[in-house]
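run_32.txt follows; it contains compact mmCIF, C-alpha atoms and all ligand atoms.
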```
# COMPACT_ATOMS: atom_id res chain seq x y z
CA GLN A 1 6.72 -16.69 11.12
CA ALA A 2 7.52 -16.86 7.45
CA LYS A 3 6.17 -13.36 7.09
CA THR A 4 8.17 -11.78 9.88
CA ALA A 5 11.32 -13.47 8.62
CA GLY A 6 11.17 -11.20 5.58
CA ARG A 7 9.89 -11.34 2.07
CA ASN A 8 12.60 -13.54 0.65
CA THR A 9 13.06 -15.95 3.49
CA ILE A 10 10.70 -18.89 3.44
CA ARG A 11 11.25 -20.93 6.56
CA PHE A 12 8.93 -23.83 5.88
CA TYR A 13 7.00 -25.22 2.99
CA ASP A 14 3.47 -23.98 2.75
CA PRO A 15 1.85 -25.08 -0.53
CA VAL A 16 -0.67 -22.24 -0.58
CA MET A 17 1.95 -19.63 0.04
CA GLN A 18 4.31 -21.31 -2.38
CA ALA A 19 1.67 -21.21 -5.12
CA ALA A 20 1.05 -17.53 -4.47
CA ILE A 21 4.75 -16.79 -4.67
CA GLU A 22 5.07 -18.66 -7.94
CA ALA A 23 2.06 -16.90 -9.45
CA ARG A 24 3.58 -13.58 -8.48
CA ALA A 25 6.94 -14.47 -9.97
CA GLU A 26 5.21 -15.53 -13.17
CA LEU A 27 3.29 -12.28 -13.36
CA ALA A 28 6.50 -10.34 -12.75
CA GLU A 29 8.19 -12.21 -15.58
CA GLU A 30 5.26 -11.51 -17.92
CA LEU A 31 5.26 -7.89 -16.90
CA ARG A 32 8.90 -7.67 -17.93
CA HIS A 33 7.80 -8.28 -21.52
CA ALA A 34 4.49 -6.43 -21.43
CA LEU A 35 5.87 -3.17 -22.82
CA GLU A 36 7.76 -4.67 -25.77
CA ARG A 37 4.78 -6.93 -26.52
CA GLN A 38 2.59 -3.83 -26.61
CA GLN A 39 0.24 -5.15 -23.98
CA LEU A 40 0.17 -1.93 -22.00
CA CYS A 41 -2.25 0.80 -22.89
CA LEU A 42 -3.62 3.98 -21.44
CA HIS A 43 -7.18 4.79 -20.59
CA TYR A 44 -8.36 8.36 -20.31
CA GLN A 45 -10.70 9.61 -17.62
CA ILE A 46 -12.24 13.01 -18.11
CA GLN A 47 -11.94 15.89 -15.65
CA MET A 48 -14.73 18.47 -15.75
CA ASP A 49 -15.47 21.88 -14.34
CA ASN A 50 -18.79 22.91 -12.80
CA ARG A 51 -20.16 24.10 -16.12
CA LEU A 52 -19.50 20.66 -17.58
CA HIS A 53 -16.60 21.88 -19.68
CA PRO A 54 -13.89 19.27 -20.08
CA LEU A 55 -10.63 20.35 -18.43
CA GLY A 56 -8.59 17.36 -19.48
CA ALA A 57 -8.02 13.79 -18.46
CA GLU A 58 -6.03 11.56 -16.18
CA VAL A 59 -4.21 8.79 -18.00
CA LEU A 60 -4.54 5.43 -16.29
CA LEU A 61 -2.47 2.41 -17.14
CA ARG A 62 -4.03 -0.91 -18.18
CA TRP A 63 -2.44 -4.24 -18.97
CA GLN A 64 -4.13 -6.18 -21.74
CA HIS A 65 -2.96 -9.65 -20.82
CA PRO A 66 -3.37 -12.29 -23.56
CA GLN A 67 -4.77 -14.88 -21.13
CA ARG A 68 -5.85 -12.97 -18.06
CA GLY A 69 -7.66 -10.15 -19.83
CA LEU A 70 -7.57 -6.53 -18.73
CA ILE A 71 -5.54 -6.13 -15.54
CA SER A 72 -5.96 -2.97 -13.48
CA PRO A 73 -2.98 -1.05 -12.12
CA GLY A 74 -3.74 -1.97 -8.52
CA GLN A 75 -2.82 -5.53 -9.46
CA PHE A 76 0.48 -4.88 -11.18
CA ILE A 77 1.87 -1.47 -10.23
CA PRO A 78 3.00 -2.58 -6.77
CA LEU A 79 4.73 -5.52 -8.44
CA ALA A 80 6.29 -3.26 -11.07
CA GLU A 81 7.51 -1.01 -8.26
CA GLU A 82 9.18 -3.94 -6.53
CA THR A 83 10.92 -5.24 -9.61
CA GLY A 84 11.84 -1.81 -10.94
CA HIS A 85 9.88 -2.31 -14.18
CA ILE A 86 7.86 0.70 -13.24
CA VAL A 87 10.72 2.90 -14.43
CA PRO A 88 10.59 2.01 -18.17
CA ILE A 89 6.81 1.67 -17.92
CA GLY A 90 6.50 5.11 -16.34
CA LEU A 91 8.69 6.58 -19.03
CA TRP A 92 6.50 5.06 -21.71
CA VAL A 93 3.39 6.51 -20.03
CA LEU A 94 5.01 9.93 -20.00
CA GLN A 95 6.05 9.73 -23.65
CA THR A 96 2.65 8.47 -24.75
CA ALA A 97 0.85 11.21 -22.85
CA CYS A 98 3.11 13.90 -24.33
CA THR A 99 2.63 12.53 -27.84
CA GLN A 100 -1.12 12.65 -27.27
CA LEU A 101 -1.00 16.23 -26.04
CA LYS A 102 0.84 17.18 -29.21
CA ALA A 103 -1.67 15.33 -31.38
CA TRP A 104 -4.48 17.28 -29.69
CA GLN A 105 -2.86 20.64 -30.35
CA GLY A 106 -4.19 20.95 -33.88
CA ASP A 107 -7.84 20.63 -32.93
CA ALA A 108 -9.85 23.39 -31.26
CA LEU A 109 -11.87 20.82 -29.33
CA THR A 110 -8.84 19.27 -27.66
CA ARG A 111 -6.03 21.81 -27.74
CA ASP A 112 -6.57 23.18 -24.21
CA LEU A 113 -7.03 19.81 -22.53
CA THR A 114 -4.50 18.87 -19.88
CA LEU A 115 -3.23 15.37 -19.24
CA ALA A 116 -2.46 14.20 -15.73
CA VAL A 117 0.15 11.47 -15.42
CA ASN A 118 0.70 9.39 -12.28
CA VAL A 119 4.30 9.25 -11.17
CA SER A 120 5.57 6.31 -9.14
CA ALA A 121 7.97 6.53 -6.21
CA LYS A 122 10.85 4.78 -7.96
CA GLN A 123 10.37 6.80 -11.10
CA PHE A 124 10.40 10.10 -9.23
CA ARG A 125 13.37 9.08 -7.11
CA SER A 126 15.47 8.31 -10.19
CA PRO A 127 18.15 10.97 -10.77
CA ASN A 128 17.08 10.97 -14.44
CA PHE A 129 13.49 11.89 -13.76
CA VAL A 130 13.70 15.59 -14.60
CA ALA A 131 15.68 14.83 -17.76
CA GLN A 132 13.14 12.20 -18.78
CA VAL A 133 10.25 14.61 -18.49
CA ARG A 134 12.16 17.32 -20.33
CA HIS A 135 13.04 14.86 -23.07
CA ALA A 136 9.48 13.58 -23.43
CA LEU A 137 8.29 17.17 -23.82
CA LEU A 138 10.97 18.17 -26.32
CA GLU A 139 10.71 15.01 -28.36
CA SER A 140 6.92 15.23 -28.65
CA GLY A 141 6.65 18.97 -28.95
CA ALA A 142 3.86 19.00 -26.34
CA LYS A 143 3.14 22.20 -24.45
CA PRO A 144 4.56 21.72 -20.93
CA GLU A 145 1.69 23.78 -19.51
CA LEU A 146 -0.70 20.99 -20.45
CA LEU A 147 1.22 18.28 -18.64
CA LYS A 148 0.30 17.68 -15.01
CA LEU A 149 2.26 15.29 -12.86
CA GLU A 150 0.45 13.55 -10.02
CA LEU A 151 2.53 12.86 -6.94
CA THR A 152 1.44 11.37 -3.64
CA GLU A 153 2.28 12.56 -0.18
CA SER A 154 4.43 9.51 0.51
CA ILE A 155 6.52 10.07 -2.63
CA VAL A 156 7.24 13.63 -1.63
CA LEU A 157 7.83 12.91 2.05
CA GLU A 158 10.41 10.26 1.25
CA ASN A 159 12.84 13.09 0.56
CA VAL A 160 11.29 16.52 0.77
CA GLU A 161 14.40 18.46 -0.24
CA ASP A 162 14.94 16.34 -3.33
CA ALA A 163 11.25 16.50 -4.23
CA ILE A 164 11.18 20.28 -3.98
CA ALA A 165 14.32 20.57 -6.12
CA LYS A 166 12.90 18.33 -8.85
CA MET A 167 9.53 20.01 -8.78
CA ARG A 168 11.12 23.45 -9.08
CA GLU A 169 13.15 22.39 -12.09
CA LEU A 170 10.11 20.99 -13.80
CA LYS A 171 7.99 24.00 -12.94
CA LEU A 172 10.54 26.16 -14.72
CA LEU A 173 9.68 24.21 -17.85
CA GLY A 174 6.00 24.93 -17.31
CA VAL A 175 4.86 21.55 -15.98
CA SER A 176 2.33 21.55 -13.13
CA PHE A 177 1.86 19.29 -10.12
CA SER A 178 -1.13 17.78 -8.42
CA MET A 179 -1.06 16.06 -5.04
CA ASP A 180 -2.96 12.81 -5.60
CA ASP A 181 -4.99 10.96 -2.95
CA PHE A 182 -4.73 13.96 -0.72
CA GLY A 183 -5.60 13.34 2.92
CA THR A 184 -4.57 9.69 2.97
CA GLY A 185 -0.91 10.41 3.73
CA TYR A 186 0.88 12.30 6.44
CA SER A 187 1.93 15.57 4.93
CA SER A 188 2.00 18.38 7.40
CA LEU A 189 1.03 21.91 6.57
CA GLN A 190 4.67 22.80 7.07
CA TYR A 191 5.68 20.67 4.08
CA LEU A 192 2.66 21.52 2.06
CA LYS A 193 3.38 25.23 2.06
CA GLN A 194 6.95 24.58 0.89
CA LEU A 195 6.00 22.43 -2.08
CA PRO A 196 5.60 24.11 -5.47
CA LEU A 197 2.22 22.46 -6.05
CA ASP A 198 -0.57 23.65 -8.33
CA GLN A 199 -3.40 21.41 -7.30
CA ILE A 200 -4.70 19.23 -4.51
CA LYS A 201 -6.70 16.17 -5.46
CA ILE A 202 -9.16 15.17 -2.75
CA ASP A 203 -9.01 11.41 -2.30
CA GLN A 204 -12.05 9.43 -3.28
CA SER A 205 -12.30 7.87 0.18
CA PHE A 206 -13.52 11.22 1.54
CA VAL A 207 -15.84 11.84 -1.39
CA ARG A 208 -17.65 8.51 -1.15
CA ASP A 209 -19.81 9.32 1.90
CA ILE A 210 -19.45 13.05 1.80
CA VAL A 211 -23.17 13.66 1.80
CA ASN A 212 -23.95 11.46 4.83
CA ASP A 213 -20.77 11.32 6.87
CA ALA A 214 -20.21 14.50 8.87
CA ASN A 215 -16.54 13.67 9.40
CA ASP A 216 -15.84 13.22 5.71
CA ALA A 217 -17.75 16.40 4.96
CA ALA A 218 -15.68 18.29 7.54
CA ILE A 219 -12.41 16.87 6.19
CA VAL A 220 -13.28 17.84 2.65
CA GLN A 221 -14.29 21.34 3.67
CA THR A 222 -11.01 21.68 5.51
CA ILE A 223 -9.03 20.53 2.48
CA ILE A 224 -10.87 23.00 0.26
CA ALA A 225 -10.31 25.86 2.72
CA MET A 226 -6.66 24.94 3.08
CA SER A 227 -6.21 24.84 -0.69
CA GLU A 228 -7.66 28.32 -0.91
CA VAL A 229 -5.29 29.63 1.74
CA LEU A 230 -2.33 28.07 -0.04
CA GLY A 231 -3.52 29.36 -3.42
CA LEU A 232 -3.93 25.90 -4.91
CA ASP A 233 -6.56 24.51 -7.25
CA VAL A 234 -8.63 21.68 -5.93
CA ILE A 235 -10.19 18.73 -7.72
CA ALA A 236 -12.20 15.85 -6.29
CA GLU A 237 -11.76 12.28 -7.48
CA GLY A 238 -14.29 9.47 -7.24
CA VAL A 239 -17.33 11.67 -7.86
CA GLU A 240 -20.05 9.16 -8.67
CA ASN A 241 -23.32 11.00 -8.23
CA GLU A 242 -24.90 14.40 -8.53
CA ALA A 243 -25.37 14.79 -4.77
CA GLN A 244 -21.62 14.50 -4.23
CA ARG A 245 -20.89 16.87 -7.11
CA GLU A 246 -23.30 19.49 -5.82
CA PHE A 247 -22.01 19.20 -2.28
CA LEU A 248 -18.45 19.77 -3.47
CA ASP A 249 -19.41 22.58 -5.83
CA LEU A 250 -21.32 24.47 -3.13
CA ARG A 251 -18.30 24.27 -0.85
CA GLY A 252 -15.81 25.62 -3.36
CA CYS A 253 -14.50 22.59 -5.24
CA HIS A 254 -15.36 23.20 -8.88
CA ALA A 255 -13.36 20.50 -10.65
CA PHE A 256 -14.34 16.85 -10.69
CA GLN A 257 -13.31 13.43 -11.86
CA GLY A 258 -15.35 10.29 -11.44
CA TYR A 259 -17.83 7.85 -12.88
CA LEU A 260 -20.54 10.54 -12.89
CA PHE A 261 -18.70 12.15 -15.80
CA GLY A 262 -17.09 9.09 -17.29
CA ARG A 263 -15.07 5.99 -16.56
CA PRO A 264 -11.52 5.66 -17.80
CA VAL A 265 -11.84 4.63 -21.46
CA PRO A 266 -9.53 3.97 -24.43
CA LEU A 267 -8.45 7.01 -26.43
CA GLN A 268 -10.86 6.55 -29.32
CA GLU A 269 -13.81 6.28 -26.99
CA PHE A 270 -12.62 9.32 -25.06
CA GLU A 271 -12.33 11.39 -28.23
CA ALA A 272 -15.69 10.17 -29.50
CA ARG A 273 -17.29 11.30 -26.25
CA LEU A 274 -15.72 14.74 -26.55
CA ARG A 275 -17.24 15.11 -30.00
CA GLY A 276 -20.57 13.49 -29.26
P1 LIG B 301 -5.32 7.18 -8.79
O1 LIG B 301 -4.26 7.93 -9.48
O2 LIG B 301 -5.82 7.74 -7.51
O3 LIG B 301 -6.48 7.04 -9.86
C1 LIG B 301 -7.83 7.05 -9.56
C2 LIG B 301 -8.42 5.68 -9.53
O4 LIG B 301 -9.80 5.77 -9.18
C3 LIG B 301 -8.40 4.95 -10.88
O5 LIG B 301 -8.25 3.56 -10.63
C4 LIG B 301 -9.79 5.25 -11.43
O6 LIG B 301 -10.22 4.31 -12.39
C5 LIG B 301 -10.60 5.17 -10.16
N1 LIG B 301 -11.84 5.94 -10.26
C6 LIG B 301 -12.07 7.01 -11.04
N2 LIG B 301 -13.32 7.50 -10.84
C7 LIG B 301 -13.87 6.70 -9.91
C8 LIG B 301 -15.17 6.69 -9.28
O7 LIG B 301 -16.02 7.52 -9.54
N3 LIG B 301 -15.37 5.72 -8.36
C9 LIG B 301 -14.43 4.79 -8.03
N4 LIG B 301 -14.73 3.87 -7.14
N5 LIG B 301 -13.20 4.78 -8.61
C10 LIG B 301 -12.93 5.72 -9.54
P2 LIG B 301 -7.26 2.67 -11.49
O8 LIG B 301 -7.31 3.08 -12.93
O9 LIG B 301 -7.55 1.26 -11.15
O10 LIG B 301 -5.84 3.08 -10.93
C11 LIG B 301 -5.49 2.79 -9.61
C12 LIG B 301 -4.20 3.47 -9.22
O11 LIG B 301 -3.12 2.93 -9.97
C13 LIG B 301 -4.17 4.96 -9.50
O12 LIG B 301 -4.84 5.65 -8.49
C14 LIG B 301 -2.69 5.22 -9.52
O13 LIG B 301 -2.19 5.32 -8.21
C15 LIG B 301 -2.15 3.93 -10.12
N6 LIG B 301 -1.85 4.17 -11.54
C16 LIG B 301 -2.67 4.15 -12.60
N7 LIG B 301 -2.00 4.41 -13.75
C17 LIG B 301 -0.72 4.62 -13.39
C18 LIG B 301 0.48 4.95 -14.11
O14 LIG B 301 0.51 5.16 -15.34
N8 LIG B 301 1.64 5.05 -13.37
C19 LIG B 301 1.65 4.87 -12.01
N9 LIG B 301 2.82 4.98 -11.38
N10 LIG B 301 0.55 4.58 -11.32
C20 LIG B 301 -0.62 4.45 -12.00
MG MG B 302 -3.87 9.74 -10.00
MG MG B 303 -6.00 9.50 -6.76
MG MG B 304 -6.79 7.02 -5.34
```
Go ahead and render the structure in this file as structure tokens.
Amino acid sequence: QAKTAGRNTIRFYDPVMQAAIEARAELAEELRHALERQQLCLHYQIQMDNRLHPLGAEVLLRWQHPQRGLISPGQFIPLAEETGHIVPIGLWVLQTACTQLKAWQGDALTRDLTLAVNVSAKQFRSPNFVAQVRHALLESGAKPELLKLELTESIVLENVEDAIAKMRELKLLGVSFSMDDFGTGYSSLQYLKQLPLDQIKIDQSFVRDIVNDANDAAIVQTIIAMSEVLGLDVIAEGVENEAQREFLDLRGCHAFQGYLFGRPVPLQEFEARLRG
């Protein structure tokens, strides 16, 4: 009853639910200060090609909470979306990633690496989004060609016209786009062919059982074939073992991200691994 009455309407007192609501409100309040208190950080997860050459990394947000320890994005991004804090947080992620790209430009080992940044729905919907990306690039001096923005199907489908317009503007700067978690949303081929995408990222849920589940295998092969038809790159996420990697590679997906190649790690560890 309380649930169907809507998020903000509590019809009766339920101590368990009340406690959960209070914990959530507390977390939201702490999240409001997380940026200024420098509790947010980025981890870097490597992306590799089939010759084991690093292509770049995806930057993944972490919250180093003074009492609760390291909190993963699944636990606070939905909350940050609700409260709107995701907008300044997302901007910080973008600026940090661009600054890092610039820092890598002077070193032969890192200068061609791309960084993929996750974009949230609220952030992308903001009328300032294009200006924010442009500003982050100009201010840092990063090469736009090395910045990849990850969107999801639901973000784009919310307003396809607006999404296409923003993507086009950013593509003019040189930025590229990857469709994250591909296959979990509802995008039709009709939309897909209209979008100025560069890459499709096969969702990890299809990769997990790819070797044993004929349906997953068929879905993945279809995604790869479709990417080829549309002239898009394809990368698989959640690649955890060699059997999955080989399966994907043999079927035409030659870029990978997953624990097989490395977990998301702090910058210093990421750079040490590149050198080591
Ligand atoms: P995502 O963008 O699909 O990122 C991939 C997630 O899969 C990451 O979880 C990563 O740690 C995890 N992963 C990578 N390789 C493997 C693997 O081999 N096996 C398994 N089981 N998992 C793997 P993480 O870091 O917890 O992030 C979860 C989600 O939070 C991300 O999903 C993304 O949607 C969101 N997120 C992370 N950072 C940001 C950010 O800066 N901004 C926004 N808006 N969202 C973010
Ligand atoms: Mg992603
Ligand atoms: Mg993903
Ligand atoms: Mg995912």
Next on the checklist: Please return as a list in words the residues found within 8 Å of ligand MG 304 (chain B), counting only C-alpha atoms and all ligand atoms.
Outcome noted: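 Going residue by residue within 8 Å of ligand MG 304 (chain B), we get Asp180, Asp181, Asp203, Gln204, Ser205 and Glu237 of chain A.
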Checklist entry - Using only C-alpha atoms and all ligand atoms, which of A:Asp249, A:Glu22, A:Glu153, A:Glu228 sits nearest ligand MG 302 (chain B)? => result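 For ligand MG 302 (chain B), the nearest of the candidates is A:Glu153.
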Item to check | Distance of atom CA of Val130 of chain A from atom CA of Glu169 of chain A, expressed in Å to one decimal place | outcome: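 For atom CA of Glu169 of chain A relative to atom CA of Val130 of chain A, the distance reads 7.3 Å.
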Next on the checklist: As a quick test: using all atoms listed in the file, which residues lie no more than 12 Å away from ligand MG 303 (chain B)? Give them as a VMD selection string.
Outcome noted: chain A and resid 45 58 to 60 74 116 to 119 149 to 153 178 to 185 200 to 207 235 to 239 256 to 258
Checklist entry - Which value, in Å to one decimal, gives the distance between atom CA of Asn241 of chain A and atom CA of Leu260 of chain A? => result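 Answer for the atom CA of Asn241 of chain A to atom CA of Leu260 of chain A separation: 5.4 Å.
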Checklist entry - Can you tell me how far atom CA of Gln268 of chain A sits from atom CA of Ala28 of chain A, in Å to one decimal? => result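 That distance, rounded to one decimal, is 29.3 Å.
In this comparison, which uses all atoms listed in the file, the residue of A:Asp49, A:Glu246, A:Glu82, A:Glu139 approaching Leu113 of chain A most closely is A:Asp49.
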Report, as lines of an AutoDock Vina configuration file, the centre and edge lengths in Å (one decimal) of the axis-aligned box enclosing every listed atom of segment 240-251 of chain A, padded by 8 Å on each side.
```
center_x = -21.8
center_y = 16.8
center_z = -4.8
size_x = 23.1
size_y = 31.3
size_z = 23.8
```
Item to check | Polymer residues at most 7 Å from segment 210-222 of chain A, only C-alpha atoms, same-chain spacing of 2 or more positions, as a ChimeraX atom specification | outcome: /A:206-208,224-226,244,247,251
Item to check | Sel. within 12 Å of pt (15.2, 9.5, -8.5), counting all atoms listed in the file, output as a PyMOL selection string | outcome: chain A and resi 87+119-132+155-156+158-159+162-163+165-167
Could you complete segment 227-238 of chain A so that it carries all heavy atoms, and give it back as a JSON list (two decimals), in the frame of the given file?
```
[["chain", "number", "residue", "atom", "x", "y", "z"],
["A", 227, "SER", "N", -6.67, 24.60, 0.68],
["A", 227, "SER", "CA", -6.21, 24.84, -0.69],
["A", 227, "SER", "C", -6.34, 26.32, -1.04],
["A", 227, "SER", "O", -5.45, 26.90, -1.68],
["A", 227, "SER", "CB", -7.02, 24.01, -1.69],
["A", 227, "SER", "OG", -6.96, 22.66, -1.35],
["A", 228, "GLU", "N", -7.46, 26.89, -0.62],
["A", 228, "GLU", "CA", -7.66, 28.32, -0.91],
["A", 228, "GLU", "C", -6.59, 29.17, -0.25],
["A", 228, "GLU", "O", -6.00, 30.04, -0.89],
["A", 228, "GLU", "CB", -9.05, 28.76, -0.42],
["A", 228, "GLU", "CG", -10.11, 28.58, -1.50],
["A", 228, "GLU", "CD", -11.54, 28.67, -0.95],
["A", 228, "GLU", "OE1", -11.74, 29.23, 0.16],
["A", 228, "GLU", "OE2", -12.44, 28.17, -1.65],
["A", 229, "VAL", "N", -6.31, 28.87, 1.00],
["A", 229, "VAL", "CA", -5.29, 29.63, 1.74],
["A", 229, "VAL", "C", -3.94, 29.51, 1.05],
["A", 229, "VAL", "O", -3.19, 30.47, 0.93],
["A", 229, "VAL", "CB", -5.20, 29.13, 3.20],
["A", 229, "VAL", "CG1", -3.98, 29.73, 3.90],
["A", 229, "VAL", "CG2", -6.46, 29.48, 3.96],
["A", 230, "LEU", "N", -3.63, 28.31, 0.59],
["A", 230, "LEU", "CA", -2.33, 28.07, -0.04],
["A", 230, "LEU", "C", -2.32, 28.48, -1.52],
["A", 230, "LEU", "O", -1.30, 28.36, -2.19],
["A", 230, "LEU", "CB", -1.94, 26.60, 0.09],
["A", 230, "LEU", "CG", -1.67, 26.08, 1.51],
["A", 230, "LEU", "CD1", -1.48, 24.58, 1.52],
["A", 230, "LEU", "CD2", -0.46, 26.78, 2.13],
["A", 231, "GLY", "N", -3.44, 28.92, -2.03],
["A", 231, "GLY", "CA", -3.52, 29.36, -3.42],
["A", 231, "GLY", "C", -3.46, 28.21, -4.42],
["A", 231, "GLY", "O", -2.93, 28.36, -5.53],
["A", 232, "LEU", "N", -3.97, 27.06, -4.03],
["A", 232, "LEU", "CA", -3.93, 25.90, -4.91],
["A", 232, "LEU", "C", -5.31, 25.59, -5.48],
["A", 232, "LEU", "O", -6.33, 25.82, -4.83],
["A", 232, "LEU", "CB", -3.45, 24.68, -4.11],
["A", 232, "LEU", "CG", -2.08, 24.80, -3.44],
["A", 232, "LEU", "CD1", -1.81, 23.57, -2.58],
["A", 232, "LEU", "CD2", -1.00, 24.99, -4.49],
["A", 233, "ASP", "N", -5.32, 25.04, -6.68],
["A", 233, "ASP", "CA", -6.56, 24.51, -7.25],
["A", 233, "ASP", "C", -6.93, 23.25, -6.50],
["A", 233, "ASP", "O", -6.07, 22.59, -5.92],
["A", 233, "ASP", "CB", -6.34, 24.09, -8.72],
["A", 233, "ASP", "CG", -6.21, 25.28, -9.63],
["A", 233, "ASP", "OD1", -6.60, 26.39, -9.22],
["A", 233, "ASP", "OD2", -5.71, 25.07, -10.75],
["A", 234, "VAL", "N", -8.20, 22.92, -6.57],
["A", 234, "VAL", "CA", -8.63, 21.68, -5.93],
["A", 234, "VAL", "C", -9.55, 20.92, -6.88],
["A", 234, "VAL", "O", -10.35, 21.51, -7.61],
["A", 234, "VAL", "CB", -9.26, 21.98, -4.54],
["A", 234, "VAL", "CG1", -10.51, 22.83, -4.68],
["A", 234, "VAL", "CG2", -9.55, 20.71, -3.78],
["A", 235, "ILE", "N", -9.35, 19.61, -6.92],
["A", 235, "ILE", "CA", -10.19, 18.73, -7.72],
["A", 235, "ILE", "C", -10.57, 17.54, -6.85],
["A", 235, "ILE", "O", -9.78, 17.12, -6.00],
["A", 235, "ILE", "CB", -9.48, 18.29, -9.03],
["A", 235, "ILE", "CG1", -10.41, 17.46, -9.92],
["A", 235, "ILE", "CG2", -8.18, 17.52, -8.75],
["A", 235, "ILE", "CD1", -9.89, 17.23, -11.34],
["A", 236, "ALA", "N", -11.77, 17.02, -7.05],
["A", 236, "ALA", "CA", -12.20, 15.85, -6.29],
["A", 236, "ALA", "C", -12.21, 14.63, -7.20],
["A", 236, "ALA", "O", -12.65, 14.72, -8.34],
["A", 236, "ALA", "CB", -13.60, 16.08, -5.72],
["A", 237, "GLU", "N", -11.71, 13.50, -6.69],
["A", 237, "GLU", "CA", -11.76, 12.28, -7.48],
["A", 237, "GLU", "C", -12.82, 11.34, -6.90],
["A", 237, "GLU", "O", -13.23, 11.49, -5.76],
["A", 237, "GLU", "CB", -10.38, 11.59, -7.54],
["A", 237, "GLU", "CG", -9.89, 11.00, -6.25],
["A", 237, "GLU", "CD", -8.55, 10.25, -6.40],
["A", 237, "GLU", "OE1", -7.98, 10.17, -7.50],
["A", 237, "GLU", "OE2", -8.07, 9.75, -5.37],
["A", 238, "GLY", "N", -13.30, 10.43, -7.72],
["A", 238, "GLY", "CA", -14.29, 9.47, -7.24],
["A", 238, "GLY", "C", -15.69, 10.04, -7.11],
["A", 238, "GLY", "O", -16.49, 9.57, -6.31]]
```
